[in-house]
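First the structure, in the form of structure tokens, and then the observations on it.
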Amino acid sequence: MALDLNIPELEIEDYDPELEENNDSVLDASGGALTYAIVGAGQGGGRIAKAFYDLGYTKTLAINTARSDLNGLDLPDNQKFLIDENGEQGAGKDQEKAREAIERKEQEVFNKFREIFGTNVDRVLICLGVAGGSGGGTVNSLIRIAKKYFTYIGVEDVDSRVGVIASLPTAGESASPKVAQNAHNKIQQLCDLAEEGQIAPLIMVDNDKIKKLYPKLTVKKFWNTINSTVAGLFHVFNVLANQDSEYTTFDATDYDSIMRQSGAMIMGVTSVKDVDSETAISSALKKNLEKTLLAEGFDLTTATGAACIVVGGEEIFEETEGLMDSIEFGFDTLAALTGGAMIHRGIYEDTNRDKLVAYTLVSGLSRPAKRIEGLKKFH
């Protein structure tokens with residue numbers, strides 16, 4: 001007869017000496033200041049994760065309820081994990097089905113984290129589409145597993161080390177009541193977690209806005225362009241934070257402090273056209289916050305931290321009179337737009353460039369309520 005022994009569950013039960021000896025079988029090749037582990041949940045999240053993998057973020061794991069979606073991802077087989085044993089049909093927009101599937105496999109997913117990520121990880125980034133079944137249904141469990149993983153490897157401040165990239169559906173996709181309801185409910189949940197400091201940061205990718213910004217993108221190029229741009233923009237800040245500058249350095253501590261801010265985060269990039277104009281950089285910074293691929297409707301004055309990095313060619317830095325004043329004016333403009341948030345600055349010379357580019361990162365933002373409410377087409 002089975003008895004309830006009433007004995008405690010010990011953390012050491014999960015200890016696997018064989019895994020510990022081999023705990024860095026996948027080495028990060030991004031060259032960034034921070035080492036990220038990337039988790040792609042569902043079809044949309046898997047695509048974003050693959051874009052990161054291609055940039056050298058090789059500590060990547062794709063999770064799905066559909067075998068066909070995983071088969072379509074060009075990742076090593078051991079870095080793809082099917083959480084539904086019957087996974088031919090997937091979750092079919094049913095987030096509850098996906099939630100139940102990952103809960104049955106939670107220990108196995110945790111073991112995958114240990115096997116692929118090892119112990120040398122600074123942050124985990126979970127990527128998903130909020131409207132989908134597999135992505136939206138598994139993200140809460142994945143956040144919990146990521147925190148358990150950090151606790152297991154002996155890292156503190158686990159809440160501020162787990163971030164989320166969440167893509168919002170297009171207007172066409174939102175015409176389906178189920179899709180709209182999934183997206184609205186899940187992004188509200190994620191915003192709650194971000195504003196409570198339970199995850200950091202929360203990055204929203206607005207597929208509908210991207211369609212309007214780039215109306216000529218072909219079907220073949222649409223998803224690749226979005227995902228590679230989002231991953232690439234994210235990558236720029238991580239790489240620059242690992243570089244020295246003879247002018248002003250944006251260092252790893254600056255970068256990490258921005259990534260830890262509670263709330264949502266947006267990123268932007270713009271080439272500065274008229275470098276001789278005193279207001280050119282200031283105008284570019286305003287523009288790149290409007291032109292960001294991320295969701296619009298943020299109140300910039302709610303920001304708690306920001307970064308502005310200017311990268312230019314050697315000739316521009318040598319020959320443009322008054323450029324330093326223009327850069328400083330641009331930094332001051334960002335400070336004013338963000339309501340006086342702490343602005344981390346960087347000025348870098350790149351011998352491979354013949355232009356001036358301004359990158360911005362703004363964190364600690366309150367949710368874009370109007371954009372989120374716009375998802376409620378199911379009412």
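Following the order of the structure tokens, chains are lettered A, B, ..., residues in each are numbered from 1, and ligands are numbered from 1.
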
Based on the backbone DSSP call, show me all residues of stretch 32-212 of chain A assigned alpha helix (DSSP H), as a PyMOL selection string. chain A and resi 42-54+67-71+95-104+106-117+133-152+171-174+177-195+207-212

Residues just named, written with C-alpha atoms as a PDB file, in the first residue's frame:
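The resulting selection03.pdb:
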ATOM      1  CA  GLY A  42       5.795  28.566 -30.381  1.00  0.00           C
ATOM      2  CA  GLN A  43       6.200  29.277 -34.085  1.00  0.00           C
ATOM      3  CA  GLY A  44       6.630  33.058 -33.761  1.00  0.00           C
ATOM      4  CA  GLY A  45       8.956  32.781 -30.789  1.00  0.00           C
ATOM      5  CA  GLY A  46      10.983  30.093 -32.538  1.00  0.00           C
ATOM      6  CA  ARG A  47      11.549  32.407 -35.510  1.00  0.00           C
ATOM      7  CA  ILE A  48      12.786  35.213 -33.252  1.00  0.00           C
ATOM      8  CA  ALA A  49      15.040  32.781 -31.373  1.00  0.00           C
ATOM      9  CA  LYS A  50      16.526  31.556 -34.686  1.00  0.00           C
ATOM     10  CA  ALA A  51      17.375  35.183 -35.596  1.00  0.00           C
ATOM     11  CA  PHE A  52      19.286  35.484 -32.306  1.00  0.00           C
ATOM     12  CA  TYR A  53      21.001  32.140 -32.922  1.00  0.00           C
ATOM     13  CA  ASP A  54      22.248  33.410 -36.289  1.00  0.00           C
ATOM     14  CA  ARG A  67       6.595  18.907 -34.456  1.00  0.00           C
ATOM     15  CA  SER A  68       6.216  20.535 -37.879  1.00  0.00           C
ATOM     16  CA  ASP A  69       7.060  23.984 -36.490  1.00  0.00           C
ATOM     17  CA  LEU A  70      10.212  22.639 -34.864  1.00  0.00           C
ATOM     18  CA  ASN A  71      11.194  20.773 -38.039  1.00  0.00           C
ATOM     19  CA  GLN A  95      -3.220  28.435 -24.812  1.00  0.00           C
ATOM     20  CA  GLU A  96      -4.705  26.267 -22.072  1.00  0.00           C
ATOM     21  CA  LYS A  97      -3.757  23.120 -23.999  1.00  0.00           C
ATOM     22  CA  ALA A  98      -0.169  24.358 -24.327  1.00  0.00           C
ATOM     23  CA  ARG A  99      -0.055  25.310 -20.650  1.00  0.00           C
ATOM     24  CA  GLU A 100      -1.079  21.798 -19.641  1.00  0.00           C
ATOM     25  CA  ALA A 101       1.461  20.280 -22.051  1.00  0.00           C
ATOM     26  CA  ILE A 102       4.439  22.188 -20.659  1.00  0.00           C
ATOM     27  CA  GLU A 103       3.390  21.553 -17.071  1.00  0.00           C
ATOM     28  CA  ARG A 104       3.589  17.821 -17.791  1.00  0.00           C
ATOM     29  CA  GLU A 106       8.358  21.012 -16.800  1.00  0.00           C
ATOM     30  CA  GLN A 107      11.181  18.946 -15.313  1.00  0.00           C
ATOM     31  CA  GLU A 108      12.379  17.911 -18.765  1.00  0.00           C
ATOM     32  CA  VAL A 109      12.379  21.522 -19.944  1.00  0.00           C
ATOM     33  CA  PHE A 110      14.335  22.500 -16.837  1.00  0.00           C
ATOM     34  CA  ASN A 111      16.856  19.769 -17.632  1.00  0.00           C
ATOM     35  CA  LYS A 112      17.152  21.166 -21.174  1.00  0.00           C
ATOM     36  CA  PHE A 113      17.965  24.591 -19.718  1.00  0.00           C
ATOM     37  CA  ARG A 114      20.766  23.029 -17.684  1.00  0.00           C
ATOM     38  CA  GLU A 115      22.073  20.937 -20.576  1.00  0.00           C
ATOM     39  CA  ILE A 116      22.159  23.704 -23.202  1.00  0.00           C
ATOM     40  CA  PHE A 117      22.690  26.880 -21.162  1.00  0.00           C
ATOM     41  CA  GLY A 133      -1.321  28.730 -28.534  1.00  0.00           C
ATOM     42  CA  SER A 134       2.181  27.362 -27.891  1.00  0.00           C
ATOM     43  CA  GLY A 135       3.852  30.714 -27.203  1.00  0.00           C
ATOM     44  CA  GLY A 136       1.164  32.335 -25.092  1.00  0.00           C
ATOM     45  CA  GLY A 137       0.327  29.093 -23.332  1.00  0.00           C
ATOM     46  CA  THR A 138       3.864  28.253 -22.243  1.00  0.00           C
ATOM     47  CA  VAL A 139       5.377  31.643 -21.414  1.00  0.00           C
ATOM     48  CA  ASN A 140       4.326  31.766 -17.749  1.00  0.00           C
ATOM     49  CA  SER A 141       5.756  28.308 -17.133  1.00  0.00           C
ATOM     50  CA  LEU A 142       8.941  29.227 -19.005  1.00  0.00           C
ATOM     51  CA  ILE A 143       9.378  32.327 -16.839  1.00  0.00           C
ATOM     52  CA  ARG A 144       9.024  30.165 -13.742  1.00  0.00           C
ATOM     53  CA  ILE A 145      11.484  27.562 -15.102  1.00  0.00           C
ATOM     54  CA  ALA A 146      13.992  30.290 -16.010  1.00  0.00           C
ATOM     55  CA  LYS A 147      13.903  31.632 -12.450  1.00  0.00           C
ATOM     56  CA  LYS A 148      14.305  28.117 -11.071  1.00  0.00           C
ATOM     57  CA  TYR A 149      17.289  27.660 -13.387  1.00  0.00           C
ATOM     58  CA  PHE A 150      18.963  30.853 -12.116  1.00  0.00           C
ATOM     59  CA  THR A 151      18.357  29.812  -8.518  1.00  0.00           C
ATOM     60  CA  TYR A 152      19.829  26.407  -9.325  1.00  0.00           C
ATOM     61  CA  ALA A 171      -4.842  43.696 -37.691  1.00  0.00           C
ATOM     62  CA  GLY A 172      -5.667  40.878 -40.103  1.00  0.00           C
ATOM     63  CA  GLU A 173      -4.747  38.237 -37.551  1.00  0.00           C
ATOM     64  CA  SER A 174      -6.693  40.091 -34.844  1.00  0.00           C
ATOM     65  CA  PRO A 177     -11.844  36.764 -31.998  1.00  0.00           C
ATOM     66  CA  LYS A 178      -9.765  33.943 -30.518  1.00  0.00           C
ATOM     67  CA  VAL A 179      -6.498  35.513 -31.674  1.00  0.00           C
ATOM     68  CA  ALA A 180      -7.527  38.946 -30.379  1.00  0.00           C
ATOM     69  CA  GLN A 181      -8.594  37.562 -27.014  1.00  0.00           C
ATOM     70  CA  ASN A 182      -5.392  35.527 -26.636  1.00  0.00           C
ATOM     71  CA  ALA A 183      -3.249  38.528 -27.501  1.00  0.00           C
ATOM     72  CA  HIS A 184      -5.075  40.987 -25.255  1.00  0.00           C
ATOM     73  CA  ASN A 185      -5.164  38.744 -22.207  1.00  0.00           C
ATOM     74  CA  LYS A 186      -1.564  37.551 -22.514  1.00  0.00           C
ATOM     75  CA  ILE A 187       0.013  40.970 -23.120  1.00  0.00           C
ATOM     76  CA  GLN A 188      -1.916  42.370 -20.144  1.00  0.00           C
ATOM     77  CA  GLN A 189      -0.539  39.550 -17.981  1.00  0.00           C
ATOM     78  CA  LEU A 190       3.003  40.209 -19.190  1.00  0.00           C
ATOM     79  CA  CYS A 191       2.638  43.956 -18.602  1.00  0.00           C
ATOM     80  CA  ASP A 192       1.493  43.226 -15.044  1.00  0.00           C
ATOM     81  CA  LEU A 193       4.559  41.048 -14.456  1.00  0.00           C
ATOM     82  CA  ALA A 194       6.888  43.683 -15.936  1.00  0.00           C
ATOM     83  CA  GLU A 195       5.437  46.570 -13.948  1.00  0.00           C
ATOM     84  CA  ASN A 207       3.707  43.311 -36.362  1.00  0.00           C
ATOM     85  CA  ASP A 208       0.859  45.566 -37.460  1.00  0.00           C
ATOM     86  CA  LYS A 209       3.007  48.677 -37.138  1.00  0.00           C
ATOM     87  CA  ILE A 210       5.790  46.971 -39.092  1.00  0.00           C
ATOM     88  CA  LYS A 211       3.387  46.190 -41.942  1.00  0.00           C
ATOM     89  CA  LYS A 212       2.564  49.898 -42.166  1.00  0.00           C
TER      90      LYS A 212
END

Run DSSP on the backbone and give me the residues of stretch 61-111 of chain A it puts in strand (DSSP E), as a ChimeraX atom specification. /A:61-64,80-82

Could the residues in this selection be written to a file with N, CA and C atoms, as a PDB file, in the first residue's frame?
ATOM      1  N   LEU A  61      17.112  27.584 -27.171  1.00  0.00           N
ATOM      2  CA  LEU A  61      16.215  26.427 -27.089  1.00  0.00           C
ATOM      3  C   LEU A  61      14.859  26.809 -27.652  1.00  0.00           C
ATOM      4  N   ALA A  62      14.348  26.004 -28.578  1.00  0.00           N
ATOM      5  CA  ALA A  62      13.010  26.222 -29.144  1.00  0.00           C
ATOM      6  C   ALA A  62      12.045  25.203 -28.550  1.00  0.00           C
ATOM      7  N   ILE A  63      10.898  25.699 -28.080  1.00  0.00           N
ATOM      8  CA  ILE A  63       9.866  24.863 -27.450  1.00  0.00           C
ATOM      9  C   ILE A  63       8.594  24.958 -28.287  1.00  0.00           C
ATOM     10  N   ASN A  64       7.934  23.841 -28.522  1.00  0.00           N
ATOM     11  CA  ASN A  64       6.690  23.901 -29.294  1.00  0.00           C
ATOM     12  C   ASN A  64       5.821  22.684 -29.010  1.00  0.00           C
ATOM     13  N   LYS A  80      15.930  21.711 -29.875  1.00  0.00           N
ATOM     14  CA  LYS A  80      14.484  21.811 -30.158  1.00  0.00           C
ATOM     15  C   LYS A  80      13.778  20.797 -29.273  1.00  0.00           C
ATOM     16  N   PHE A  81      12.701  21.233 -28.622  1.00  0.00           N
ATOM     17  CA  PHE A  81      12.048  20.333 -27.674  1.00  0.00           C
ATOM     18  C   PHE A  81      10.535  20.338 -27.876  1.00  0.00           C
ATOM     19  N   LEU A  82       9.991  19.162 -28.164  1.00  0.00           N
ATOM     20  CA  LEU A  82       8.544  18.978 -28.355  1.00  0.00           C
ATOM     21  C   LEU A  82       7.907  18.661 -27.012  1.00  0.00           C
TER      22      LEU A  82
END

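Coordinates place atom CA of A:Phe317 at a distance of 10.1 Å from atom CA of A:Asp354.
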
Quick one, how far is atom CA of A:Glu321 from atom CA of A:Lys273?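 The value is 15.3 Å.
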
Any idea what's packed within 10 Å of stretch 297-300 of chain A, counting only C-alpha atoms, ignoring anything in its chain fewer than 6 positions away? Could you give it as a PDB file with N, CA and C atoms, in the first residue's frame?
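For reference, out-v2.pdb as written:
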ATOM      1  N   ALA A 264       8.193  48.195 -19.553  1.00  0.00           N
ATOM      2  CA  ALA A 264       8.447  47.878 -20.957  1.00  0.00           C
ATOM      3  C   ALA A 264       9.684  48.614 -21.463  1.00  0.00           C
ATOM      4  N   MET A 265      10.233  48.115 -22.570  1.00  0.00           N
ATOM      5  CA  MET A 265      11.428  48.716 -23.161  1.00  0.00           C
ATOM      6  C   MET A 265      11.240  48.853 -24.659  1.00  0.00           C
ATOM      7  N   ILE A 266      11.732  49.972 -25.222  1.00  0.00           N
ATOM      8  CA  ILE A 266      11.715  50.144 -26.673  1.00  0.00           C
ATOM      9  C   ILE A 266      13.122  50.455 -27.165  1.00  0.00           C
ATOM     10  N   LEU A 289      12.495  57.002 -32.203  1.00  0.00           N
ATOM     11  CA  LEU A 289      11.539  56.519 -31.208  1.00  0.00           C
ATOM     12  C   LEU A 289      10.144  56.387 -31.828  1.00  0.00           C
ATOM     13  N   GLU A 290       9.891  57.169 -32.865  1.00  0.00           N
ATOM     14  CA  GLU A 290       8.618  57.046 -33.584  1.00  0.00           C
ATOM     15  C   GLU A 290       8.678  55.885 -34.576  1.00  0.00           C
ATOM     16  N   LEU A 334      16.949  63.670 -25.510  1.00  0.00           N
ATOM     17  CA  LEU A 334      16.422  62.391 -25.024  1.00  0.00           C
ATOM     18  C   LEU A 334      16.066  62.485 -23.546  1.00  0.00           C
ATOM     19  N   ALA A 335      16.900  63.185 -22.777  1.00  0.00           N
ATOM     20  CA  ALA A 335      16.603  63.374 -21.353  1.00  0.00           C
ATOM     21  C   ALA A 335      15.285  64.111 -21.172  1.00  0.00           C
ATOM     22  N   ALA A 336      15.045  65.129 -22.003  1.00  0.00           N
ATOM     23  CA  ALA A 336      13.800  65.899 -21.910  1.00  0.00           C
ATOM     24  C   ALA A 336      12.600  65.049 -22.325  1.00  0.00           C
ATOM     25  N   LEU A 337      12.751  64.258 -23.402  1.00  0.00           N
ATOM     26  CA  LEU A 337      11.646  63.415 -23.882  1.00  0.00           C
ATOM     27  C   LEU A 337      11.250  62.360 -22.858  1.00  0.00           C
ATOM     28  N   THR A 338      12.224  61.886 -22.093  1.00  0.00           N
ATOM     29  CA  THR A 338      11.960  60.810 -21.121  1.00  0.00           C
ATOM     30  C   THR A 338      11.696  61.345 -19.719  1.00  0.00           C
ATOM     31  N   GLY A 339      11.393  62.613 -19.622  1.00  0.00           N
ATOM     32  CA  GLY A 339      11.021  63.163 -18.324  1.00  0.00           C
ATOM     33  C   GLY A 339      12.160  63.208 -17.328  1.00  0.00           C
ATOM     34  N   ALA A 341      14.799  61.042 -17.193  1.00  0.00           N
ATOM     35  CA  ALA A 341      15.338  59.723 -16.831  1.00  0.00           C
ATOM     36  C   ALA A 341      16.872  59.743 -16.929  1.00  0.00           C
ATOM     37  N   VAL A 362      15.135  52.770 -24.412  1.00  0.00           N
ATOM     38  CA  VAL A 362      14.383  53.425 -23.338  1.00  0.00           C
ATOM     39  C   VAL A 362      13.666  52.344 -22.542  1.00  0.00           C
ATOM     40  N   SER A 363      13.858  52.335 -21.224  1.00  0.00           N
ATOM     41  CA  SER A 363      13.272  51.260 -20.407  1.00  0.00           C
ATOM     42  C   SER A 363      12.482  51.818 -19.230  1.00  0.00           C
ATOM     43  N   GLY A 364      11.760  50.914 -18.558  1.00  0.00           N
ATOM     44  CA  GLY A 364      10.951  51.303 -17.404  1.00  0.00           C
ATOM     45  C   GLY A 364       9.655  51.977 -17.778  1.00  0.00           C
ATOM     46  N   LEU A 365       9.182  51.754 -19.018  1.00  0.00           N
ATOM     47  CA  LEU A 365       7.979  52.430 -19.507  1.00  0.00           C
ATOM     48  C   LEU A 365       6.698  51.748 -19.035  1.00  0.00           C
ATOM     49  N   SER A 366       5.668  52.552 -18.801  1.00  0.00           N
ATOM     50  CA  SER A 366       4.337  52.004 -18.529  1.00  0.00           C
ATOM     51  C   SER A 366       3.766  51.416 -19.816  1.00  0.00           C
ATOM     52  N   ARG A 367       2.831  50.512 -19.686  1.00  0.00           N
ATOM     53  CA  ARG A 367       2.270  49.823 -20.853  1.00  0.00           C
ATOM     54  C   ARG A 367       1.595  50.810 -21.825  1.00  0.00           C
ATOM     55  N   PRO A 368       1.618  50.517 -23.128  1.00  0.00           N
ATOM     56  CA  PRO A 368       0.921  51.350 -24.113  1.00  0.00           C
ATOM     57  C   PRO A 368      -0.567  50.990 -24.128  1.00  0.00           C
ATOM     58  N   ALA A 369      -1.315  51.554 -23.199  1.00  0.00           N
ATOM     59  CA  ALA A 369      -2.690  51.123 -22.938  1.00  0.00           C
ATOM     60  C   ALA A 369      -3.581  51.188 -24.175  1.00  0.00           C
ATOM     61  N   LYS A 370      -3.439  52.251 -24.968  1.00  0.00           N
ATOM     62  CA  LYS A 370      -4.314  52.414 -26.134  1.00  0.00           C
ATOM     63  C   LYS A 370      -4.080  51.305 -27.149  1.00  0.00           C
ATOM     64  N   ARG A 371      -2.807  50.965 -27.398  1.00  0.00           N
ATOM     65  CA  ARG A 371      -2.502  49.896 -28.361  1.00  0.00           C
ATOM     66  C   ARG A 371      -3.031  48.558 -27.863  1.00  0.00           C
ATOM     67  N   ILE A 372      -2.891  48.306 -26.575  1.00  0.00           N
ATOM     68  CA  ILE A 372      -3.363  47.038 -26.022  1.00  0.00           C
ATOM     69  C   ILE A 372      -4.888  46.948 -26.076  1.00  0.00           C
TER      70      ILE A 372
END

What does the distance from atom CA of A:Lys355 to atom CA of A:Ile343 come to in Å, to one decimal?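 Spanning atom CA of A:Lys355 to atom CA of A:Ile343 is a straight-line distance of 23.3 Å.
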